[in-house]
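Participant: Data: final-v8.txt, compact mmCIF, C-alpha atoms and all ligand atoms.
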```
# COMPACT_ATOMS: atom_id res chain seq x y z
CA MET A 627 80.83 75.08 6.48
CA SER A 628 81.00 72.85 3.41
CA THR A 629 83.60 73.69 0.77
CA ALA A 630 82.40 71.05 -1.73
CA LYS A 631 81.78 72.51 -5.19
CA LYS A 632 79.03 70.10 -6.15
CA GLU A 633 76.68 67.99 -4.05
CA TYR A 634 76.95 64.32 -4.91
CA LYS A 635 74.27 62.06 -3.41
CA ARG A 636 76.38 58.95 -3.61
CA ILE A 637 80.07 58.74 -4.46
CA THR A 638 81.14 56.15 -7.02
CA THR A 639 84.41 55.50 -8.80
CA LYS A 640 83.01 57.55 -11.71
CA THR A 641 82.29 60.48 -9.38
CA LEU A 642 85.95 60.63 -8.40
CA VAL A 643 87.08 60.88 -12.02
CA GLU A 644 84.43 63.59 -12.57
CA MET A 645 85.70 65.46 -9.50
CA LYS A 646 89.21 65.48 -10.93
CA LYS A 647 87.86 66.79 -14.23
CA ASN A 648 86.00 69.55 -12.38
CA GLY A 649 89.03 70.45 -10.28
CA GLU A 650 87.29 69.42 -7.05
CA LYS A 651 89.65 67.90 -4.49
CA ILE A 652 88.84 64.46 -3.09
CA ALA A 653 88.84 63.94 0.69
CA MET A 654 89.58 60.42 1.93
CA LEU A 655 90.03 59.08 5.48
CA THR A 656 90.43 55.65 6.98
CA ALA A 657 87.86 53.87 9.15
CA TYR A 658 87.84 50.36 10.52
CA ASP A 659 84.64 50.20 12.58
CA TYR A 660 80.93 51.09 12.47
CA THR A 661 80.93 54.04 14.87
CA MET A 662 83.88 55.88 13.33
CA ALA A 663 82.62 55.22 9.79
CA LYS A 664 79.19 56.64 10.71
CA ILE A 665 80.78 59.92 11.90
CA VAL A 666 83.18 60.20 8.97
CA ASP A 667 80.45 59.51 6.39
CA ASN A 668 78.10 61.94 8.14
CA ALA A 669 80.75 64.66 7.90
CA GLY A 670 80.64 64.32 4.10
CA ILE A 671 83.84 62.44 3.33
CA ASP A 672 84.16 61.29 -0.31
CA VAL A 673 86.01 58.02 0.29
CA ILE A 674 86.54 55.79 3.31
CA LEU A 675 89.57 53.56 3.09
CA VAL A 676 89.40 50.42 5.19
CA GLY A 677 93.18 50.42 5.28
CA ASP A 678 95.44 47.62 6.34
CA SER A 679 96.77 50.30 8.73
CA ALA A 680 94.14 48.64 10.96
CA SER A 681 97.02 46.24 11.66
CA ASN A 682 98.86 49.12 13.41
CA VAL A 683 96.01 51.25 14.69
CA MET A 684 93.50 48.64 15.82
CA ALA A 685 95.71 45.63 16.59
CA GLY A 686 98.95 47.30 17.71
CA HIS A 687 101.26 45.53 15.26
CA GLU A 688 104.46 47.27 14.21
CA THR A 689 103.72 46.78 10.49
CA THR A 690 100.74 46.17 8.21
CA LEU A 691 101.96 42.67 7.33
CA PRO A 692 100.18 40.55 9.98
CA ILE A 693 96.58 41.53 9.23
CA THR A 694 94.62 38.73 7.55
CA LEU A 695 91.98 38.71 4.83
CA ASP A 696 89.32 37.64 7.35
CA GLN A 697 90.29 40.47 9.71
CA MET A 698 90.03 42.98 6.84
CA ILE A 699 86.60 41.52 6.04
CA TYR A 700 85.48 42.02 9.65
CA HIS A 701 86.57 45.68 9.58
CA ALA A 702 85.16 46.40 6.12
CA SER A 703 81.74 44.87 6.77
CA SER A 704 81.44 46.95 9.97
CA VAL A 705 82.21 50.10 7.95
CA ILE A 706 79.76 49.22 5.18
CA ARG A 707 76.90 48.86 7.69
CA ALA A 708 77.49 52.49 8.73
CA ILE A 709 77.78 54.41 5.50
CA GLU A 710 75.15 56.11 3.34
CA ARG A 711 77.06 58.29 0.90
CA CYS A 712 80.77 57.67 0.54
CA LEU A 713 82.72 55.19 -1.57
CA VAL A 714 84.33 52.41 0.48
CA VAL A 715 87.69 51.05 -0.67
CA VAL A 716 89.15 48.01 1.07
CA ASP A 717 92.87 47.18 1.19
CA LEU A 718 93.87 43.73 -0.03
CA PRO A 719 96.19 42.65 2.79
CA PHE A 720 99.75 41.40 2.44
CA GLY A 721 99.89 37.84 1.14
CA SER A 722 96.40 37.87 -0.36
CA TYR A 723 97.40 38.92 -3.90
CA GLN A 724 101.17 38.79 -4.43
CA GLY A 725 101.39 35.01 -4.94
CA ASN A 726 99.55 34.66 -8.22
CA SER A 727 96.68 36.31 -10.07
CA ARG A 728 94.22 33.50 -9.30
CA ASN A 729 94.84 33.88 -5.59
CA ALA A 730 94.49 37.66 -6.02
CA LEU A 731 91.13 37.32 -7.75
CA GLU A 732 89.86 34.94 -5.07
CA SER A 733 90.86 37.43 -2.35
CA ALA A 734 89.20 40.35 -4.13
CA ILE A 735 86.00 38.37 -4.73
CA LYS A 736 85.88 37.31 -1.08
CA ILE A 737 86.18 40.95 -0.01
CA MET A 738 83.46 42.12 -2.39
CA LYS A 739 81.07 39.26 -1.52
CA GLU A 740 81.52 39.24 2.25
CA THR A 741 81.80 42.98 2.96
CA GLY A 742 79.73 44.82 0.38
CA GLY A 743 82.75 47.10 -0.21
CA HIS A 744 82.89 49.03 -3.46
CA ALA A 745 86.53 48.60 -4.56
CA VAL A 746 89.88 47.19 -3.50
CA LYS A 747 93.29 48.84 -3.14
CA MET A 748 96.56 47.10 -4.00
CA GLU A 749 100.17 48.14 -3.46
CA GLY A 750 102.61 47.97 -6.37
CA GLY A 751 103.06 48.53 -10.10
CA SER A 752 104.31 46.28 -12.88
CA GLU A 753 105.11 43.48 -10.37
CA ILE A 754 101.40 42.88 -9.78
CA GLU A 755 100.13 43.71 -13.29
CA THR A 756 98.59 40.29 -13.96
CA SER A 757 96.75 40.29 -10.61
CA ILE A 758 95.33 43.78 -11.20
CA THR A 759 94.23 42.83 -14.72
CA ARG A 760 92.49 39.67 -13.53
CA ILE A 761 90.62 41.51 -10.77
CA LEU A 762 89.57 44.31 -13.13
CA THR A 763 88.38 41.74 -15.68
CA ALA A 764 86.02 40.39 -13.00
CA GLY A 765 84.45 43.85 -12.74
CA ILE A 766 86.03 44.80 -9.43
CA PRO A 767 87.33 48.39 -9.32
CA VAL A 768 90.98 48.74 -8.27
CA MET A 769 92.73 51.68 -6.62
CA GLY A 770 96.52 51.55 -7.04
CA HIS A 771 99.10 52.52 -4.40
CA LEU A 772 102.66 53.60 -5.24
CA GLY A 773 105.54 55.37 -3.50
CA LEU A 774 105.92 54.22 0.08
CA THR A 775 104.08 50.90 0.08
CA PRO A 776 104.09 49.72 3.71
CA GLN A 777 103.57 46.05 2.79
CA SER A 778 107.14 46.17 1.37
CA ILE A 779 108.67 47.80 4.44
CA TYR A 780 111.23 45.05 4.92
CA LYS A 781 112.45 45.62 1.34
CA PHE A 782 112.74 49.40 1.87
CA GLY A 783 114.13 49.13 5.40
CA THR A 784 112.68 52.51 6.51
CA TYR A 785 109.52 54.63 6.26
CA THR A 786 111.40 57.58 4.72
CA VAL A 787 110.36 59.47 1.57
CA ARG A 788 110.46 57.35 -1.61
CA ALA A 789 111.44 58.16 -5.21
CA LYS A 790 113.88 60.98 -4.41
CA GLU A 791 116.37 59.51 -6.88
CA GLU A 792 115.77 59.68 -10.63
CA GLU A 793 115.71 55.93 -11.21
CA GLU A 794 113.00 55.27 -8.64
CA ALA A 795 111.05 58.37 -9.75
CA ASP A 796 111.11 57.15 -13.38
CA LYS A 797 109.86 53.70 -12.35
CA LEU A 798 107.08 55.32 -10.31
CA LYS A 799 105.98 57.47 -13.29
CA GLU A 800 105.95 54.40 -15.56
CA ASP A 801 103.97 52.40 -12.99
CA ALA A 802 101.43 55.21 -12.60
CA LEU A 803 100.83 55.28 -16.38
CA LEU A 804 100.61 51.48 -16.39
CA LEU A 805 97.99 51.43 -13.61
CA GLU A 806 95.88 53.97 -15.49
CA SER A 807 96.20 52.02 -18.76
CA LEU A 808 95.17 48.78 -17.02
CA GLY A 809 91.98 50.47 -15.81
CA CYS A 810 92.58 51.45 -12.17
CA PHE A 811 90.11 54.19 -11.20
CA ALA A 812 92.45 56.08 -8.85
CA LEU A 813 95.90 55.97 -7.34
CA VAL A 814 97.29 56.63 -3.87
CA LEU A 815 100.77 58.17 -3.78
CA GLU A 816 102.40 57.88 -0.39
CA LYS A 817 105.40 59.86 0.89
CA VAL A 818 107.01 61.03 -2.35
CA PRO A 819 108.35 64.51 -3.24
CA ALA A 820 105.54 67.01 -3.93
CA LYS A 821 107.02 67.97 -7.31
CA LEU A 822 107.00 64.36 -8.52
CA ALA A 823 103.46 63.76 -7.21
CA LYS A 824 102.21 66.87 -9.03
CA GLU A 825 103.84 65.70 -12.25
CA VAL A 826 102.22 62.27 -11.93
CA ALA A 827 98.78 63.78 -11.19
CA LYS A 828 99.09 66.00 -14.27
CA SER A 829 100.05 63.06 -16.48
CA LEU A 830 96.97 61.00 -15.55
CA THR A 831 93.22 61.38 -16.09
CA ILE A 832 92.44 59.22 -13.04
CA PRO A 833 92.64 60.97 -9.66
CA VAL A 834 95.81 60.81 -7.60
CA ILE A 835 95.23 60.88 -3.85
CA GLY A 836 98.25 61.82 -1.79
CA ILE A 837 99.50 61.17 1.72
CA GLY A 838 102.72 63.06 2.34
CA ALA A 839 102.76 63.92 -1.37
CA GLY A 840 102.03 67.67 -1.30
CA ASN A 841 99.17 69.74 -2.61
CA GLY A 842 99.56 69.27 -6.36
CA VAL A 843 97.53 66.06 -6.40
CA ASP A 844 93.77 65.51 -6.75
CA GLY A 845 92.96 64.64 -3.16
CA GLN A 846 94.32 63.78 0.25
CA VAL A 847 94.09 60.81 2.59
CA LEU A 848 95.04 60.55 6.26
CA VAL A 849 94.69 57.84 8.86
CA THR A 850 91.76 59.06 10.97
CA HIS A 851 93.29 58.07 14.30
CA ASP A 852 96.41 60.12 13.41
CA MET A 853 94.53 63.28 12.37
CA LEU A 854 92.42 63.05 15.53
CA GLY A 855 95.57 62.88 17.65
CA MET A 856 94.74 59.49 19.14
CA THR A 857 98.07 57.96 18.05
CA HIS A 858 100.10 60.64 19.76
CA GLU A 859 103.57 59.10 19.42
CA PHE A 860 103.33 59.35 15.61
CA HIS A 861 104.12 62.79 14.20
CA PRO A 862 105.44 62.75 10.63
CA ARG A 863 105.83 66.13 8.91
CA PHE A 864 102.89 65.53 6.54
CA LEU A 865 100.37 64.93 9.34
CA ARG A 866 98.01 67.73 10.37
CA ARG A 867 96.34 67.04 13.70
CA TYR A 868 92.79 68.38 13.98
CA LEU A 869 92.33 67.31 17.61
CA ASP A 870 94.37 66.07 20.52
CA LEU A 871 92.01 63.23 21.34
CA PHE A 872 94.63 61.25 23.24
CA SER A 873 94.76 63.98 25.89
CA GLU A 874 91.01 64.69 25.76
CA MET A 875 90.06 61.04 26.14
CA LYS A 876 92.68 60.42 28.82
CA GLY A 877 91.26 63.39 30.75
CA ALA A 878 87.73 62.00 30.47
CA PHE A 879 88.86 58.55 31.66
CA GLU A 880 90.71 60.12 34.60
CA ASN A 881 87.58 62.09 35.56
CA TYR A 882 85.47 58.92 35.38
CA ILE A 883 87.93 56.94 37.52
CA SER A 884 88.01 59.71 40.07
CA ASP A 885 84.18 59.99 40.12
CA VAL A 886 83.83 56.22 40.68
CA LYS A 887 86.45 56.13 43.41
CA SER A 888 84.93 59.13 45.20
CA GLU A 889 81.39 57.70 44.81
CA ASP A 890 80.34 60.86 42.97
CA PHE A 891 79.16 58.61 40.10
CA PRO A 892 76.39 57.55 39.82
CA ASN A 893 74.36 60.27 41.54
CA ASP A 894 70.64 60.17 42.42
CA ASN A 895 69.62 61.06 38.85
CA GLU A 896 71.81 58.39 37.32
CA GLN A 897 70.10 55.40 38.91
CA TYR A 898 66.70 53.66 38.97
O1 LIG B 1 96.31 51.43 5.08
C1 LIG B 1 96.23 52.67 4.98
O2 LIG B 1 95.75 53.38 5.87
C2 LIG B 1 96.73 53.28 3.74
C3 LIG B 1 96.81 54.77 3.69
C4 LIG B 1 97.93 55.27 4.50
C5 LIG B 1 96.84 55.28 2.30
O3 LIG B 1 97.07 52.59 2.83
```
Starting from the file, lay out its structure as structure tokens.
Ligand code: KIV
Facilitator:
Amino acid sequence: MSTAKKEYKRITTKTLVEMKKNGEKIAMLTAYDYTMAKIVDNAGIDVILVGDSASNVMAGHETTLPITLDQMIYHASSVIRAIERCLVVVDLPFGSYQGNSRNALESAIKIMKETGGHAVKMEGGSEIETSITRILTAGIPVMGHLGLTPQSIYKFGTYTVRAKEEEEADKLKEDALLLESLGCFALVLEKVPAKLAKEVAKSLTIPVIGIGAGNGVDGQVLVTHDMLGMTHEFHPRFLRRYLDLFSEMKGAFENYISDVKSEDFPNDNEQY
């Protein structure tokens, strides 16, 4: 059953702002490949994020830092070939925009040209202001990302909740207002107290999409492999699992192995 308030044929950055105005929550999930993106888009998702979490989920790295611009381009172009309706946002990976604004613009242009993606996402506030401005000036929509920003994990030291103290909360609020004033079309808030996230969402006209940021924001994002229960060692408090695919898939693989070993597969109808 669909709970969407209004049927949108194609989601754009403008649609998301309209959804916030209309009080309609935005649903966002990650995808990194054609097949998953096809299913997620077909289900009616509003936004697919080709997240740099591909570094963890697809490549098995401990952090998001190792993934390269070319690897992000490979994932994003696979996703774009699958989708018909949703907006596709592509993460600018670590090292592709922090150096200087010229380098940032080159990275964003490469993503837009070589993937057909609709927007980029960047982690950080005032520290990357000039890069965001330059990319926006080129006509490329930017989604911001504040709170827990995994590309800075070695600065934080842990993946625990951010902005619990007043000083960090104040900086986050200032950065959120800055990102809106620069022209970002939306903002991801990751792992911050629900009260703070609600306050930020109320102070902005652009939508705030939360992950571990409570229900007072304008939408939610989860890593698809986590919500499907494929990454079963990972169970943060904010994660709701909709399936236990690790167990289901493992069971299917075990059945297949057993059928091959016992010569039950293929049977007479499964051959030529
Ligand atoms: O890379 C990613 O998947 C993300 C989400 C967790 C927001 O940035």
Participant: Considering all atoms listed in the file, tabulate each residue of chain A that lies at most 10 Å from ligand LIG 1 (chain B) along with its nearest interatomic pair and the corresponding distance in Å to one decimal; arrange the rows by chain and ascending residue number and present them as JSON lines.
Facilitator:
```
{"residue": "A:Met654", "atom": "CA", "partner": "B:LIG1", "partner_atom": "C5", "distance": 8.9}
{"residue": "A:Leu655", "atom": "CA", "partner": "B:LIG1", "partner_atom": "O2", "distance": 8.1}
{"residue": "A:Thr656", "atom": "CA", "partner": "B:LIG1", "partner_atom": "O2", "distance": 5.9}
{"residue": "A:Ala657", "atom": "CA", "partner": "B:LIG1", "partner_atom": "O2", "distance": 8.6}
{"residue": "A:Tyr658", "atom": "CA", "partner": "B:LIG1", "partner_atom": "O2", "distance": 9.7}
{"residue": "A:Ile674", "atom": "CA", "partner": "B:LIG1", "partner_atom": "O2", "distance": 9.9}
{"residue": "A:Leu675", "atom": "CA", "partner": "B:LIG1", "partner_atom": "O2", "distance": 6.8}
{"residue": "A:Val676", "atom": "CA", "partner": "B:LIG1", "partner_atom": "O1", "distance": 7.0}
{"residue": "A:Gly677", "atom": "CA", "partner": "B:LIG1", "partner_atom": "O1", "distance": 3.3}
{"residue": "A:Asp678", "atom": "CA", "partner": "B:LIG1", "partner_atom": "O1", "distance": 4.1}
{"residue": "A:Ser679", "atom": "CA", "partner": "B:LIG1", "partner_atom": "O1", "distance": 3.8}
{"residue": "A:Ala680", "atom": "CA", "partner": "B:LIG1", "partner_atom": "O1", "distance": 6.9}
{"residue": "A:Ser681", "atom": "CA", "partner": "B:LIG1", "partner_atom": "O1", "distance": 8.4}
{"residue": "A:Asn682", "atom": "CA", "partner": "B:LIG1", "partner_atom": "O1", "distance": 9.0}
{"residue": "A:Val683", "atom": "CA", "partner": "B:LIG1", "partner_atom": "O2", "distance": 9.1}
{"residue": "A:Thr690", "atom": "CA", "partner": "B:LIG1", "partner_atom": "O1", "distance": 7.6}
{"residue": "A:Val716", "atom": "CA", "partner": "B:LIG1", "partner_atom": "O1", "distance": 8.9}
{"residue": "A:Asp717", "atom": "CA", "partner": "B:LIG1", "partner_atom": "O1", "distance": 6.7}
{"residue": "A:Leu718", "atom": "CA", "partner": "B:LIG1", "partner_atom": "O1", "distance": 9.6}
{"residue": "A:Pro719", "atom": "CA", "partner": "B:LIG1", "partner_atom": "O1", "distance": 9.1}
{"residue": "A:Lys747", "atom": "CA", "partner": "B:LIG1", "partner_atom": "O3", "distance": 8.0}
{"residue": "A:Met748", "atom": "CA", "partner": "B:LIG1", "partner_atom": "O3", "distance": 8.8}
{"residue": "A:Glu749", "atom": "CA", "partner": "B:LIG1", "partner_atom": "O3", "distance": 8.3}
{"residue": "A:Gly770", "atom": "CA", "partner": "B:LIG1", "partner_atom": "O3", "distance": 9.9}
{"residue": "A:His771", "atom": "CA", "partner": "B:LIG1", "partner_atom": "O3", "distance": 7.5}
{"residue": "A:Leu772", "atom": "CA", "partner": "B:LIG1", "partner_atom": "C5", "distance": 9.7}
{"residue": "A:Leu774", "atom": "CA", "partner": "B:LIG1", "partner_atom": "C4", "distance": 9.2}
{"residue": "A:Thr775", "atom": "CA", "partner": "B:LIG1", "partner_atom": "O3", "distance": 7.7}
{"residue": "A:Pro776", "atom": "CA", "partner": "B:LIG1", "partner_atom": "O3", "distance": 7.6}
{"residue": "A:Gln777", "atom": "CA", "partner": "B:LIG1", "partner_atom": "O3", "distance": 9.2}
{"residue": "A:Leu813", "atom": "CA", "partner": "B:LIG1", "partner_atom": "C5", "distance": 9.7}
{"residue": "A:Val814", "atom": "CA", "partner": "B:LIG1", "partner_atom": "C5", "distance": 6.3}
{"residue": "A:Leu815", "atom": "CA", "partner": "B:LIG1", "partner_atom": "C5", "distance": 7.8}
{"residue": "A:Glu816", "atom": "CA", "partner": "B:LIG1", "partner_atom": "C5", "distance": 6.7}
{"residue": "A:Lys817", "atom": "CA", "partner": "B:LIG1", "partner_atom": "C4", "distance": 9.5}
{"residue": "A:Ile835", "atom": "CA", "partner": "B:LIG1", "partner_atom": "C5", "distance": 8.5}
{"residue": "A:Gly836", "atom": "CA", "partner": "B:LIG1", "partner_atom": "C5", "distance": 7.8}
{"residue": "A:Ile837", "atom": "CA", "partner": "B:LIG1", "partner_atom": "C5", "distance": 6.5}
{"residue": "A:Gly838", "atom": "CA", "partner": "B:LIG1", "partner_atom": "C4", "distance": 9.4}
{"residue": "A:Gln846", "atom": "CA", "partner": "B:LIG1", "partner_atom": "C5", "distance": 9.1}
{"residue": "A:Val847", "atom": "CA", "partner": "B:LIG1", "partner_atom": "C5", "distance": 6.2}
{"residue": "A:Leu848", "atom": "CA", "partner": "B:LIG1", "partner_atom": "C4", "distance": 6.3}
{"residue": "A:Val849", "atom": "CA", "partner": "B:LIG1", "partner_atom": "O2", "distance": 5.5}
{"residue": "A:Thr850", "atom": "CA", "partner": "B:LIG1", "partner_atom": "O2", "distance": 8.6}
{"residue": "A:His851", "atom": "CA", "partner": "B:LIG1", "partner_atom": "O2", "distance": 10.0}
```
Participant: Report, in Å to a single decimal, how far apart atom CA of His861 of chain A and atom CA of Ile706 of chain A are.
Facilitator: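 So the answer is 29.3 Å.
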Participant: What's the 9 Å shell around Phe811 of chain A, counting all atoms listed in the file, without same-chain residues fewer than 5 positions away, as a PyMOL selection string?
Facilitator: chain A and resi 639-640+642-643+767-770+805-806+832-833
Participant: Since we have the selection now, will you write its residues out, keeping C-alpha atoms, as a short mmCIF file (atom, residue, chain, number, x, y, z; two decimals), in the frame of the given file?
Facilitator:
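The resulting part36.cif:
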```
data_model
loop_
_atom_site.label_atom_id
_atom_site.label_comp_id
_atom_site.auth_asym_id
_atom_site.auth_seq_id
_atom_site.Cartn_x
_atom_site.Cartn_y
_atom_site.Cartn_z
CA THR A 639 84.41 55.50 -8.80
CA LYS A 640 83.01 57.55 -11.71
CA LEU A 642 85.95 60.63 -8.40
CA VAL A 643 87.08 60.88 -12.02
CA PRO A 767 87.33 48.39 -9.32
CA VAL A 768 90.98 48.74 -8.27
CA MET A 769 92.73 51.68 -6.62
CA GLY A 770 96.52 51.55 -7.04
CA LEU A 805 97.99 51.43 -13.61
CA GLU A 806 95.88 53.97 -15.49
CA ILE A 832 92.44 59.22 -13.04
CA PRO A 833 92.64 60.97 -9.66
#
```
Participant: What does the structure give for the distance between atom CA of Ile735 of chain A and atom CA of Ser703 of chain A, in Å to one decimal?
Facilitator: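 Separation of atom CA of Ile735 of chain A and atom CA of Ser703 of chain A: 13.9 Å.
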Participant: Tell me, in Å to one decimal, how far atom CA of Lys651 of chain A is from atom CA of Lys797 of chain A.
Facilitator: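 Result for atom CA of Lys651 of chain A versus atom CA of Lys797 of chain A: 25.9 Å, one decimal.
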Participant: Do you know which residues lie at most 12 Å from (94.8, 59.7, 17.1), with coordinates as in the file and only C-alpha atoms counted, and could you write them as a VMD selection string?
Facilitator: chain A and resid 656 682 to 684 848 to 861 865 to 876
Participant: Rank A:Glu732, A:Leu830, A:Leu822, A:Cys712 by their smallest atom-to-atom distance to Gly842 of chain A, using all atoms listed in the file, and report the top residue only.
Facilitator: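 The shortest atom-to-atom distance to Gly842 of chain A comes from A:Leu822.
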Participant: Rank A:Arg707, A:Lys736, A:Arg636, A:Lys790 by their smallest atom-to-atom distance to Pro819 of chain A, using all atoms listed in the file, and report the top residue only.
Facilitator: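 Closest residue, counting all atoms listed in the file: A:Lys790.
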Participant: Could you check the closest approach to Asp696 of chain A for each of A:Val715, A:Ile737, A:Val787, A:Val818 and tell me which residue wins, using all atoms listed in the file?
Facilitator: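 The shortest atom-to-atom distance to Asp696 of chain A comes from A:Ile737.
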Participant: Can you work out which one of A:Pro692, A:Ile761, A:Val714, A:Leu798 has the shortest atom-to-atom distance to Asn726 of chain A, counting all atoms listed in the file?
Facilitator: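 Closest candidate: A:Ile761.
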Participant: Neighbouring residues of Tyr634 of chain A were defined as those with any atom within 10 Å, considering only C-alpha atoms; residues of the same chain fewer than 6 positions away were excluded. Please report them as a ChimeraX atom specification.
Facilitator: /A:641,645,670,672,711-712
Participant: So that I can see what lies close to Lys664 of chain A, please list as a list in words the residues with an atom at most 7 Å from it, counting only C-alpha atoms and leaving out residues fewer than 3 positions away in the same chain.
Facilitator: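 What passes the distance filter is Tyr660, Thr661, Asp667, Asn668, Ala708 and Ile709 of chain A.
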Participant: Choose the residue, out of A:Asp894, A:Glu889, A:Glu740, A:Asp796, that has the smallest atom-to-atom separation from Gly773 of chain A; count only C-alpha atoms.
Facilitator: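 The answer is A:Asp796, which sits nearest to Gly773 of chain A.
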Participant: Identify which of the residues A:Ala663, A:Ser807, A:Ile671, A:Ile754 lies closest to Glu633 of chain A, counting all atoms listed in the file when measuring atom-to-atom distances.
Facilitator: A:Ile671
